[in-house]
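Novice: One structure is given below, represented as structure tokens, and several questions about it will come after.
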Amino acid sequence: MTKKLTPTVEIELDKKRPMALDLNAMVTFEDITGESFFDAMSKMQTMMSAKIVRALLYACLSSGDEDIEIVPSDVGRMITAENIPYVTEKILELATLSMPQTEAKGEGKNESRSTG
């Protein structure tokens, strides 16, 4: 079994399930939707669509559990009007953990400086 290099986040749906956001999840999302993963993530808080939420959750669940045997329509049945805010919150939490953090220019770097 391959060691997981990406962080996981647990989500409570029909049961507790791990989600991961690696390159495979991004490609799965793009294969399903035909949309850029990065474009979708940038629009997620302002232009949410049911298609994007279901595809993101499916892709993240598929990468979180290599032995999962569900299809996108199964995932769609796990998302309701009541839990969609929770689902999107967990996806955003996972994205925050999985994406590289950018630092402001010059901050947090050990730069050698000459003092004399």
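Residues are referred to by chain and number: the chain letter is A, B, ... according to the order shown in the structure tokens, the number counts from 1 in that chain, and ligands are numbered separately from 1 in the order shown.
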Excluding segment 80-91 of chain A and its own-chain neighbours fewer than 4 positions away, which residues fall within 9 Å of it when counting only C-alpha atoms? Please give them as a VMD selection string.
Specialist: chain A and resid 9 to 13 19 21 44 to 45 53 56 to 57 60 76 95 to 96
Novice: Would you mind reading off the distance between atom CA of Ile52 of chain A and atom CA of Asp67 of chain A, one decimal, in Å?
Specialist: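 Straight-line distance from atom CA of Ile52 of chain A to atom CA of Asp67 of chain A works out to 23.0 Å.
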Novice: Skip Pro72 of chain A itself and residues of its chain fewer than 5 positions away, then list as a PDB file with N, CA and C atoms, in the first residue's frame all residues within 7 Å of it, counting only C-alpha atoms.
Specialist:
```
ATOM      1  N   ARG A  54     -20.683  18.114  -6.077  1.00  0.00           N
ATOM      2  CA  ARG A  54     -20.722  16.654  -6.170  1.00  0.00           C
ATOM      3  C   ARG A  54     -19.424  16.108  -6.739  1.00  0.00           C
ATOM      4  N   ALA A  55     -18.901  16.738  -7.792  1.00  0.00           N
ATOM      5  CA  ALA A  55     -17.665  16.267  -8.411  1.00  0.00           C
ATOM      6  C   ALA A  55     -16.470  16.411  -7.468  1.00  0.00           C
ATOM      7  N   TYR A  58     -16.849  13.738  -4.686  1.00  0.00           N
ATOM      8  CA  TYR A  58     -16.546  12.414  -5.237  1.00  0.00           C
ATOM      9  C   TYR A  58     -15.040  12.242  -5.433  1.00  0.00           C
TER      10      TYR A  58
END
```
Novice: Just to confirm, what's the straight-line distance from atom CA of Ala50 of chain A to atom CA of Glu93 of chain A in Å (one decimal)?
Specialist: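 These two atoms are separated by 18.4 Å.
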Novice: Would you mind telling me which residue in A:Met41, A:Val75, A:Ala59, A:Leu92 lies nearest to Asp22 of chain A when using only C-alpha atoms?
Specialist: A:Ala59
Novice: To one decimal place in Å, what is the distance between atom CA of Asp39 of chain A and atom CA of Met26 of chain A?
Specialist: 11.2 Å
Novice: If you run DSSP on the backbone, which residues of chain A are alpha helix (DSSP H), as a VMD selection string?
Specialist: chain A and resid 23 to 33 37 to 43 50 to 64 72 to 78 84 to 98
